[in-house]
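Comments concern the structure below.
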Amino acid sequence: MISAYVDFIRIRFLTMLAYRVNYYSGIVIYAINIGAYYFMWKAIYGDAEQLGGFTAGQMTTYVAVSWMARAFYFNNLDREISNDIRDGSVAVQMTRPYSYIMVKMMQGFGEGLFRLLLFMAPGMVVVTLIFPIELPTDPVLWMIFLVMIWFSFLINSQINVMTGLFAFFVENNEGLMRMKRVTVDLLSGVVVPIAFFPGWASEVLKWLPFQAITYLPGSVFTGRIAGSAVWEALLVQAAWFVALIAPIALMWRAARKRLFVQGG
């Protein structure tokens, strides 16, 4: 069974490889996005040495690594699941001897692995040559960061799965998917680091999973979070990953019952 799931990773990776030219152009697009945010934050900082707990150098690095990490954890599992539900193919996949949700997660990981190797890694090299990015020299910190963006992928994928499963319960979840994408980018810290949110908003976001997707890994990578706080940030990510398993299982159980009732 494990080998079957590995095959789903391999097949999705090879499928993405067939369209790799699109991702090479994507590196340019992400570099432009990073450049736009770099000059915006440079203007905001002005002569200030520190804002929101970030130095100007840390902010440049945070912007670059946050956008490149997004290239790894981003996927369209919500749209894929929604399409499977709309065209009825999910019913066929339910009869197969594997978990539909696990298959989607493995396909998402295959896409993420492709993005990591052929988008994120070369993209980081490109933006490092263009912008004054301060990369950490501690190999342990790099390993922790890789673990953290792995959790970023898991949590973001879990949110996508739940969004896609809503297609079982509503006639059209297109608006929900668009709202989810904007919400994740804004509240995860890609657009604006959570440290710059008003105090009450920052406190609320501590009780939501979005900070675990971008803000925490980016803060650790830039050194804004250091020492024992690094392990606390990693624990927050692991806790959210575990916490999101239950609502997915409940939604999937309710969805199967709904499908059986409708299908007879």
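By convention in this document, the chains of the structure tokens carry letters A, B, ... by their order, each chain's residues are numbered from 1, and ligands are numbered from 1 in the order they are shown.
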Contact residues around Arg224 in chain A with only C-alpha atoms at 10 Å, ignoring same-chain residues under 4 positions, as a PyMOL selection string: chain A and resi 53-55+58-59+62+216+218-220+229-230
For the residues in that selection, give me N, CA and C atoms as a PDB file, in the first residue's frame.
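What follows is the written file part-v2.pdb:
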```
ATOM      1  N   GLY A  53       9.838  44.471  15.127  1.00  0.00           N
ATOM      2  CA  GLY A  53      10.767  43.421  15.543  1.00  0.00           C
ATOM      3  C   GLY A  53      11.669  42.925  14.443  1.00  0.00           C
ATOM      4  N   PHE A  54      11.493  43.446  13.218  1.00  0.00           N
ATOM      5  CA  PHE A  54      12.322  43.064  12.084  1.00  0.00           C
ATOM      6  C   PHE A  54      13.284  44.187  11.737  1.00  0.00           C
ATOM      7  N   THR A  55      14.570  43.869  11.545  1.00  0.00           N
ATOM      8  CA  THR A  55      15.473  44.844  10.961  1.00  0.00           C
ATOM      9  C   THR A  55      15.194  44.906   9.460  1.00  0.00           C
ATOM     10  N   GLN A  58      16.460  41.755   7.858  1.00  0.00           N
ATOM     11  CA  GLN A  58      15.594  40.609   8.154  1.00  0.00           C
ATOM     12  C   GLN A  58      14.317  40.655   7.327  1.00  0.00           C
ATOM     13  N   MET A  59      13.770  41.859   7.137  1.00  0.00           N
ATOM     14  CA  MET A  59      12.548  41.983   6.357  1.00  0.00           C
ATOM     15  C   MET A  59      12.787  41.580   4.902  1.00  0.00           C
ATOM     16  N   TYR A  62      12.983  37.891   4.918  1.00  0.00           N
ATOM     17  CA  TYR A  62      11.660  37.326   5.213  1.00  0.00           C
ATOM     18  C   TYR A  62      10.784  37.340   3.973  1.00  0.00           C
ATOM     19  N   LEU A 216       5.735  31.767  10.971  1.00  0.00           N
ATOM     20  CA  LEU A 216       6.667  31.111  11.889  1.00  0.00           C
ATOM     21  C   LEU A 216       7.930  30.618  11.182  1.00  0.00           C
ATOM     22  N   GLY A 218       9.258  31.739   8.395  1.00  0.00           N
ATOM     23  CA  GLY A 218      10.001  32.915   7.961  1.00  0.00           C
ATOM     24  C   GLY A 218      10.695  33.617   9.106  1.00  0.00           C
ATOM     25  N   SER A 219      10.030  33.691  10.262  1.00  0.00           N
ATOM     26  CA  SER A 219      10.621  34.343  11.433  1.00  0.00           C
ATOM     27  C   SER A 219      11.801  33.553  11.973  1.00  0.00           C
ATOM     28  N   VAL A 220      11.697  32.233  11.941  1.00  0.00           N
ATOM     29  CA  VAL A 220      12.816  31.393  12.385  1.00  0.00           C
ATOM     30  C   VAL A 220      13.993  31.530  11.429  1.00  0.00           C
ATOM     31  N   ALA A 229      12.504  29.430  21.570  1.00  0.00           N
ATOM     32  CA  ALA A 229      11.284  29.833  20.863  1.00  0.00           C
ATOM     33  C   ALA A 229      11.162  29.126  19.514  1.00  0.00           C
ATOM     34  N   VAL A 230      12.304  28.698  18.953  1.00  0.00           N
ATOM     35  CA  VAL A 230      12.281  27.963  17.684  1.00  0.00           C
ATOM     36  C   VAL A 230      11.526  26.653  17.859  1.00  0.00           C
TER      37      VAL A 230
END
```
With only C-alpha atoms counted and 12 Å as the cut-off, give the residues of range 111-147 of chain A in contact with range 1-17 of chain A, each with its shortest interatomic distance in Å and the pair that gives it, as JSON lines.
```
{"residue": "A:Glu111", "atom": "CA", "partner": "A:Phe13", "partner_atom": "CA", "distance": 5.6}
{"residue": "A:Gly112", "atom": "CA", "partner": "A:Phe13", "partner_atom": "CA", "distance": 8.3}
{"residue": "A:Leu113", "atom": "CA", "partner": "A:Phe13", "partner_atom": "CA", "distance": 7.1}
{"residue": "A:Phe114", "atom": "CA", "partner": "A:Phe13", "partner_atom": "CA", "distance": 5.7}
{"residue": "A:Arg115", "atom": "CA", "partner": "A:Met16", "partner_atom": "CA", "distance": 8.7}
{"residue": "A:Leu116", "atom": "CA", "partner": "A:Phe13", "partner_atom": "CA", "distance": 10.9}
{"residue": "A:Leu117", "atom": "CA", "partner": "A:Phe13", "partner_atom": "CA", "distance": 10.5}
{"residue": "A:Leu118", "atom": "CA", "partner": "A:Leu17", "partner_atom": "CA", "distance": 8.9}
{"residue": "A:Phe119", "atom": "CA", "partner": "A:Leu17", "partner_atom": "CA", "distance": 11.1}
```
Same residues, N, CA and C atoms, saved as a JSON list (two decimals), in the first residue's frame:
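See part_19.json below for the written result:
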```
[["chain", "number", "residue", "atom", "x", "y", "z"],
["A", 111, "GLU", "N", 3.74, 17.40, -6.30],
["A", 111, "GLU", "CA", 3.82, 18.74, -6.89],
["A", 111, "GLU", "C", 4.75, 19.63, -6.07],
["A", 112, "GLY", "N", 4.65, 19.53, -4.74],
["A", 112, "GLY", "CA", 5.50, 20.34, -3.88],
["A", 112, "GLY", "C", 6.97, 19.98, -4.03],
["A", 113, "LEU", "N", 7.26, 18.69, -4.17],
["A", 113, "LEU", "CA", 8.64, 18.25, -4.36],
["A", 113, "LEU", "C", 9.21, 18.80, -5.65],
["A", 114, "PHE", "N", 8.39, 18.80, -6.69],
["A", 114, "PHE", "CA", 8.83, 19.38, -7.96],
["A", 114, "PHE", "C", 9.12, 20.87, -7.79],
["A", 115, "ARG", "N", 8.22, 21.57, -7.12],
["A", 115, "ARG", "CA", 8.39, 23.01, -6.91],
["A", 115, "ARG", "C", 9.62, 23.30, -6.05],
["A", 116, "LEU", "N", 9.89, 22.43, -5.07],
["A", 116, "LEU", "CA", 11.05, 22.62, -4.20],
["A", 116, "LEU", "C", 12.35, 22.53, -4.98],
["A", 117, "LEU", "N", 12.44, 21.51, -5.83],
["A", 117, "LEU", "CA", 13.69, 21.25, -6.54],
["A", 117, "LEU", "C", 13.89, 22.14, -7.77],
["A", 118, "LEU", "N", 12.81, 22.43, -8.49],
["A", 118, "LEU", "CA", 12.94, 23.14, -9.77],
["A", 118, "LEU", "C", 12.36, 24.55, -9.75],
["A", 119, "PHE", "N", 11.83, 24.98, -8.61],
["A", 119, "PHE", "CA", 11.28, 26.32, -8.52],
["A", 119, "PHE", "C", 11.89, 27.05, -7.32]]
```
Interatomic distance (Å, one decimal) between CA of Trp142 in chain A and CA of Phe221 in chain A: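 Computing it gives 7.6 Å between the two atoms.
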Non-local contacts of range 176-182 of chain A (10 Å; only C-alpha atoms; under 3 positions in same chain excluded) as a VMD selection string: chain A and resid 74 76 78 to 79 82 159 to 160 163 to 164 166 to 167 172 to 173 185 to 188 191
Residue neighbourhood range 193-206 of chain A, 6 Å, only C-alpha atoms, exclusion window fewer than 2 positions, as a ChimeraX atom specification: /A:52,189,208
